[in-house]
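Chemist: Quick one: structure below, then a few questions.
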There are 2 protein chains.
Amino acid sequence: MSREDAARGDGTSVDSADVVTADSAALARSGPSRHTWQRKAVLDQLRQCDDFVSAQGLHRLLEVSGTSIGLSTVYRQLNSLAESGLADTIRLNERQMFRVCEDGGRHHHHLVCERCGKTFEIEPPDNEWFASVARRHGFTVTSHTMEVFGLCSECLADAQDGEVGAGSDTTRSSDI
Amino acid sequence: MSREDAARGDGTSVDSADVVTADSAALARSGPSRHTWQRKAVLDQLRQCDDFVSAQGLHRLLEVSGTSIGLSTVYRQLNSLAESGLADTIRLNERQMFRVCEDGGRHHHHLVCERCGKTFEIEPPDNEWFASVARRHGFTVTSHTMEVFGLCSECLADAQDGEVGAGSDTTRSSDI
DNA sequence: GTCCCTGCAAAACATTTGCACTATG
DNA sequence: CATAGTGCAAATGTTTTGCAGGGAC
């Protein structure tokens, strides 16, 4: 679900009948917490990845390394981890990507190489900036998203070498 | 088609992800450009919306106002507009949302009320910040995404009225 | 007249969910 | 043992696409 369109986000509200149903759902789905080998497997595999992985990617990684596990379980565990702050997520290529999050829930952002997927955590810019933006428009800021994309030094070099348009699909590491 | 350039790794919708790679593919799928009444209808309807609308939302708006038009056409036109810089997009509630973009392609961000959808354009923070982040990690920054969510003054007031333990936390900003 | 654009239905896709079953605590 | 977690298949919901036909230029 997670379709908490409380706002008339899509600007229509023509047949929007479901509004209140969101909260109950939110509570109901705090996610798995028992110690199953699946949970451990997902977390272990996630820890082995330096960069962001998609649910499908992680599932495939697990399968490849001989661990047979249900895709839905991977989704459920991953969501659970994200919700409890053990993993953080970004959206890349229309997919939700996960990564272990060492420090509980501190607010941070990512610098992601759009070629090889290498990722670094970065600090948000001056908080004062958000405050001033908010003040200017009479807003109370509740959250923000920010990701910075670019090319790491190696990939930049590669890109300049093989500029023949070849590299495109050869290096989709993050797409496993 | 678009599936490919999405799969490649530019991840960040339209923003400014097209660095050097605004290659043939991009040109090839620039989308509809003829003057059909559908194109006009989509653009007109989009102009009437102050805030972001989803493709489906816009389609419904059109239908409601008596304009029968194919959903796929709406998608195609919207994508075309976004690609040519006439519209900008954000992702809200798992949907891609569109809005007319007055000033060609200048890079900007949005402050969005997560309750009523009200939107303001905001300037990015000090560019020096990006530069320093990039320098520190040896990156060449090609693009970035940023959206700030919050409550506008009216919605904040509303929220405080009906503070009956209701969700009010409409965001699960997991990917802040 | 030649294409491009449209519309429909069907596909593609990632993600979620219903339900019977199993393992955890 | 009770029940939370699993796995499968089916459902969901958004966005794209194949293709035949009609309109734009």
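How things are named: the first chain in the structure tokens is A, the next is B, and so on; residues count from 1 in each chain; ligands count from 1 in the order shown.
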Within 7 Å of chain D, which residues belong to chain A? Use only C-alpha atoms (C1' of nucleotides) and report them as a compact mmCIF listing (two decimals) with N, CA and C atoms, in the first residue's frame.
Modeler:
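Written output follows (selection_13.txt):
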# COMPACT_ATOMS: atom_id res chain seq x y z
N PRO A 32 8.44 -7.98 9.83
CA PRO A 32 8.97 -9.15 10.52
C PRO A 32 10.00 -8.76 11.57
N GLY A 70 12.19 -16.73 -0.83
CA GLY A 70 11.09 -16.13 -1.57
C GLY A 70 11.32 -14.65 -1.82
N THR A 73 9.59 -12.43 0.60
CA THR A 73 10.25 -12.37 1.90
C THR A 73 11.36 -11.33 1.87
Chemist: Using only C-alpha atoms (C1' of nucleotides), find the residues of chain C whose closest atom to chain B is at most 10 Å away, then write them as a PyMOL selection string.
Modeler: chain C and resi 4-8+12
Chemist: Would you save the residues of that selection, restricted to all heavy atoms, as a short mmCIF file (atom, residue, chain, number, x, y, z; two decimals), in the first residue's frame?
Modeler:
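What ended up in out-v6.cif:
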data_model
loop_
_atom_site.label_atom_id
_atom_site.label_comp_id
_atom_site.auth_asym_id
_atom_site.auth_seq_id
_atom_site.Cartn_x
_atom_site.Cartn_y
_atom_site.Cartn_z
P DC C 4 7.60 9.47 -39.29
OP1 DC C 4 8.93 10.07 -38.97
OP2 DC C 4 7.33 8.04 -39.12
"O5'" DC C 4 6.49 10.28 -38.49
"C5'" DC C 4 6.36 11.69 -38.65
"C4'" DC C 4 5.22 12.17 -37.77
"O4'" DC C 4 3.98 11.60 -38.25
"C3'" DC C 4 5.35 11.73 -36.32
"O3'" DC C 4 4.94 12.82 -35.51
"C2'" DC C 4 4.42 10.54 -36.20
"C1'" DC C 4 3.35 10.84 -37.24
N1 DC C 4 2.77 9.65 -37.92
C2 DC C 4 1.38 9.55 -38.07
O2 DC C 4 0.66 10.44 -37.59
N3 DC C 4 0.86 8.48 -38.71
C4 DC C 4 1.66 7.54 -39.21
N4 DC C 4 1.10 6.51 -39.85
C5 DC C 4 3.08 7.62 -39.08
C6 DC C 4 3.59 8.68 -38.43
P DC C 5 4.86 12.63 -33.98
OP1 DC C 5 5.10 13.94 -33.34
OP2 DC C 5 5.66 11.44 -33.63
"O5'" DC C 5 3.33 12.27 -33.79
"C5'" DC C 5 2.34 13.24 -34.12
"C4'" DC C 5 0.99 12.79 -33.63
"O4'" DC C 5 0.59 11.64 -34.40
"C3'" DC C 5 0.96 12.36 -32.17
"O3'" DC C 5 -0.19 12.94 -31.57
"C2'" DC C 5 0.91 10.83 -32.22
"C1'" DC C 5 0.20 10.59 -33.55
N1 DC C 5 0.54 9.33 -34.26
C2 DC C 5 -0.49 8.55 -34.81
O2 DC C 5 -1.66 8.92 -34.68
N3 DC C 5 -0.17 7.42 -35.48
C4 DC C 5 1.11 7.05 -35.61
N4 DC C 5 1.37 5.92 -36.28
C5 DC C 5 2.17 7.82 -35.06
C6 DC C 5 1.84 8.95 -34.38
P DT C 6 -0.63 12.49 -30.15
OP1 DT C 6 -1.28 13.64 -29.50
OP2 DT C 6 0.48 11.79 -29.51
"O5'" DT C 6 -1.77 11.43 -30.48
"C5'" DT C 6 -2.94 11.89 -31.14
"C4'" DT C 6 -3.95 10.76 -31.25
"O4'" DT C 6 -3.38 9.70 -32.01
"C3'" DT C 6 -4.37 10.18 -29.90
"O3'" DT C 6 -5.79 10.16 -29.83
"C2'" DT C 6 -3.78 8.77 -29.91
"C1'" DT C 6 -3.63 8.47 -31.38
N1 DT C 6 -2.50 7.59 -31.76
C2 DT C 6 -2.76 6.47 -32.52
O2 DT C 6 -3.88 6.15 -32.87
N3 DT C 6 -1.65 5.73 -32.84
C4 DT C 6 -0.34 6.00 -32.49
O4 DT C 6 0.57 5.27 -32.86
C5 DT C 6 -0.14 7.19 -31.70
C7 DT C 6 1.23 7.58 -31.27
C6 DT C 6 -1.22 7.92 -31.37
P DG C 7 -6.52 10.15 -28.41
OP1 DG C 7 -7.58 11.19 -28.41
OP2 DG C 7 -5.46 10.13 -27.39
"O5'" DG C 7 -7.23 8.72 -28.39
"C5'" DG C 7 -7.20 7.98 -29.54
"C4'" DG C 7 -7.71 6.56 -29.36
"O4'" DG C 7 -6.66 5.72 -29.89
"C3'" DG C 7 -7.97 6.05 -27.94
"O3'" DG C 7 -9.08 5.15 -28.00
"C2'" DG C 7 -6.68 5.36 -27.57
"C1'" DG C 7 -6.17 4.84 -28.91
N9 DG C 7 -4.71 4.84 -29.04
C8 DG C 7 -3.83 5.69 -28.44
N7 DG C 7 -2.58 5.46 -28.75
C5 DG C 7 -2.65 4.38 -29.63
C6 DG C 7 -1.63 3.68 -30.31
O6 DG C 7 -0.41 3.89 -30.28
N1 DG C 7 -2.13 2.66 -31.11
C2 DG C 7 -3.47 2.36 -31.23
N2 DG C 7 -3.76 1.35 -32.03
N3 DG C 7 -4.43 3.00 -30.59
C4 DG C 7 -3.96 3.99 -29.82
P DC C 8 -9.93 4.89 -26.71
OP1 DC C 8 -11.32 5.18 -27.05
OP2 DC C 8 -9.30 5.56 -25.54
"O5'" DC C 8 -9.77 3.32 -26.50
"C5'" DC C 8 -10.13 2.44 -27.55
"C4'" DC C 8 -9.20 1.24 -27.60
"O4'" DC C 8 -7.86 1.68 -27.89
"C3'" DC C 8 -9.07 0.50 -26.28
"O3'" DC C 8 -9.92 -0.65 -26.31
"C2'" DC C 8 -7.59 0.09 -26.20
"C1'" DC C 8 -6.99 0.64 -27.48
N1 DC C 8 -5.65 1.23 -27.27
C2 DC C 8 -4.59 0.73 -28.01
O2 DC C 8 -4.78 -0.19 -28.79
N3 DC C 8 -3.36 1.29 -27.84
C4 DC C 8 -3.20 2.29 -26.97
N4 DC C 8 -1.98 2.80 -26.84
C5 DC C 8 -4.28 2.81 -26.21
C6 DC C 8 -5.48 2.26 -26.39
P DA C 12 5.83 -8.88 -22.34
OP1 DA C 12 6.92 -9.19 -23.28
OP2 DA C 12 5.20 -9.93 -21.50
"O5'" DA C 12 6.36 -7.73 -21.36
"C5'" DA C 12 6.63 -6.47 -21.91
"C4'" DA C 12 7.08 -5.54 -20.81
"O4'" DA C 12 5.93 -4.99 -20.15
"C3'" DA C 12 7.91 -6.24 -19.73
"O3'" DA C 12 9.05 -5.42 -19.50
"C2'" DA C 12 6.99 -6.28 -18.51
"C1'" DA C 12 6.09 -5.08 -18.75
N9 DA C 12 4.74 -5.18 -18.21
C8 DA C 12 3.91 -6.26 -18.25
N7 DA C 12 2.74 -6.03 -17.70
C5 DA C 12 2.80 -4.72 -17.27
C6 DA C 12 1.90 -3.87 -16.61
N6 DA C 12 0.67 -4.26 -16.25
N1 DA C 12 2.29 -2.62 -16.32
C2 DA C 12 3.52 -2.23 -16.68
N3 DA C 12 4.47 -2.94 -17.31
C4 DA C 12 4.04 -4.18 -17.58
#
Chemist: So how many Å separate CA of Val148 (chain A) and CA of Leu111 (chain A), to one decimal?
Modeler: 4.8 Å
Chemist: Write out as an mmCIF file with all heavy atoms, in the first residue's frame each polymer residue whose atoms come within 8 Å of Val74 (chain B), counting only C-alpha atoms (C1' of nucleotides); drop sequence neighbours fewer than 6 positions from it.
Modeler:
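As written to disk, result.cif reads:
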data_model
loop_
_atom_site.group_PDB
_atom_site.id
_atom_site.type_symbol
_atom_site.label_atom_id
_atom_site.label_comp_id
_atom_site.auth_asym_id
_atom_site.auth_seq_id
_atom_site.Cartn_x
_atom_site.Cartn_y
_atom_site.Cartn_z
ATOM 1 N N VAL B 42 -3.574 18.704 -23.419
ATOM 2 C CA VAL B 42 -2.728 18.323 -22.298
ATOM 3 C C VAL B 42 -2.007 19.543 -21.743
ATOM 4 O O VAL B 42 -1.987 19.788 -20.535
ATOM 5 C CB VAL B 42 -1.698 17.252 -22.725
ATOM 6 C CG1 VAL B 42 -0.604 17.102 -21.686
ATOM 7 C CG2 VAL B 42 -2.394 15.923 -22.937
ATOM 8 N N ALA B 55 0.089 11.792 -14.315
ATOM 9 C CA ALA B 55 -0.441 11.559 -15.644
ATOM 10 C C ALA B 55 -1.893 11.098 -15.543
ATOM 11 O O ALA B 55 -2.771 11.607 -16.238
ATOM 12 C CB ALA B 55 0.395 10.509 -16.372
ATOM 13 N N LEU B 58 -4.086 13.974 -14.550
ATOM 14 C CA LEU B 58 -4.374 14.882 -15.637
ATOM 15 C C LEU B 58 -5.383 14.259 -16.584
ATOM 16 O O LEU B 58 -6.296 14.926 -17.077
ATOM 17 C CB LEU B 58 -3.103 15.230 -16.411
ATOM 18 C CG LEU B 58 -3.245 16.517 -17.198
ATOM 19 C CD1 LEU B 58 -2.744 17.680 -16.372
ATOM 20 C CD2 LEU B 58 -2.520 16.461 -18.507
ATOM 21 N N HIS B 59 -5.206 12.993 -16.816
ATOM 22 C CA HIS B 59 -6.126 12.295 -17.692
ATOM 23 C C HIS B 59 -7.545 12.385 -17.141
ATOM 24 O O HIS B 59 -8.491 12.688 -17.862
ATOM 25 C CB HIS B 59 -5.713 10.826 -17.825
ATOM 26 C CG HIS B 59 -6.629 10.014 -18.679
ATOM 27 N ND1 HIS B 59 -7.386 8.982 -18.187
ATOM 28 C CD2 HIS B 59 -6.927 10.102 -19.996
ATOM 29 C CE1 HIS B 59 -8.111 8.464 -19.167
ATOM 30 N NE2 HIS B 59 -7.851 9.116 -20.278
#
Chemist: Report as JSON, numbers by chain all protein, DNA and RNA residues lying within 7 Å of region 91-105 of chain B, evaluated on only C-alpha atoms (C1' of nucleotides), omitting residues in the same chain fewer than 2 positions from it.
Modeler: {"A": [3, 5], "B": [46, 47, 51, 52, 53, 54, 55, 85, 86, 87, 88, 89, 107]}
Chemist: Work out how far apart CA of Thr142 (chain B) and CA of Gly150 (chain A) are and give it in Å to one decimal.
Modeler: 4.5 Å
Chemist: So what do you get for CA of Lys118 (chain B) versus CA of Phe139 (chain A), distance-wise?
Modeler: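 CA of Phe139 (chain A) lies 10.4 Å from CA of Lys118 (chain B).
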Chemist: Among region 25-116 of chain A, which residues does DSSP mark as helix (DSSP H, G or I) when it is run on the backbone? Keep the chain and numbering as in the structure and answer as a CSV table (one decimal) with C-alpha atoms, in the first residue's frame.
Modeler:
chain,number,residue,atom,x,y,z
A,25,ALA,CA,-2.2,0.0,7.5
A,26,ALA,CA,1.0,1.8,8.7
A,27,LEU,CA,0.7,0.3,12.1
A,28,ALA,CA,-0.2,-3.2,10.9
A,37,TRP,CA,17.3,-17.7,8.8
A,38,GLN,CA,15.8,-15.6,6.0
A,39,ARG,CA,16.1,-12.5,8.0
A,40,LYS,CA,19.7,-13.2,8.8
A,41,ALA,CA,20.4,-14.1,5.2
A,42,VAL,CA,19.0,-10.9,3.9
A,43,LEU,CA,20.8,-8.8,6.4
A,44,ASP,CA,24.1,-10.6,5.8
A,45,GLN,CA,23.8,-10.3,2.1
A,46,LEU,CA,23.0,-6.7,2.4
A,47,ARG,CA,26.0,-6.1,4.6
A,48,GLN,CA,28.2,-7.6,1.9
A,55,ALA,CA,15.2,-6.0,-3.7
A,56,GLN,CA,15.2,-8.0,-6.8
A,57,GLY,CA,19.0,-7.6,-7.0
A,58,LEU,CA,19.5,-8.9,-3.5
A,59,HIS,CA,17.1,-11.8,-4.2
A,60,ARG,CA,19.2,-12.8,-7.2
A,61,LEU,CA,22.4,-12.4,-5.2
A,62,LEU,CA,21.0,-14.7,-2.6
A,63,GLU,CA,19.8,-17.3,-5.2
A,64,VAL,CA,23.2,-17.2,-6.9
A,71,LEU,CA,11.1,-12.8,-3.3
A,72,SER,CA,8.3,-11.5,-1.2
A,73,THR,CA,10.3,-12.4,1.9
A,74,VAL,CA,13.2,-10.3,0.7
A,75,TYR,CA,10.8,-7.4,0.0
A,76,ARG,CA,9.3,-7.8,3.5
A,77,GLN,CA,12.6,-8.0,5.3
A,78,LEU,CA,14.0,-5.1,3.3
A,79,ASN,CA,11.1,-2.9,4.0
A,80,SER,CA,11.2,-3.9,7.6
A,81,LEU,CA,14.9,-3.0,7.8
A,82,ALA,CA,14.3,0.3,6.2
A,83,GLU,CA,11.5,1.1,8.5
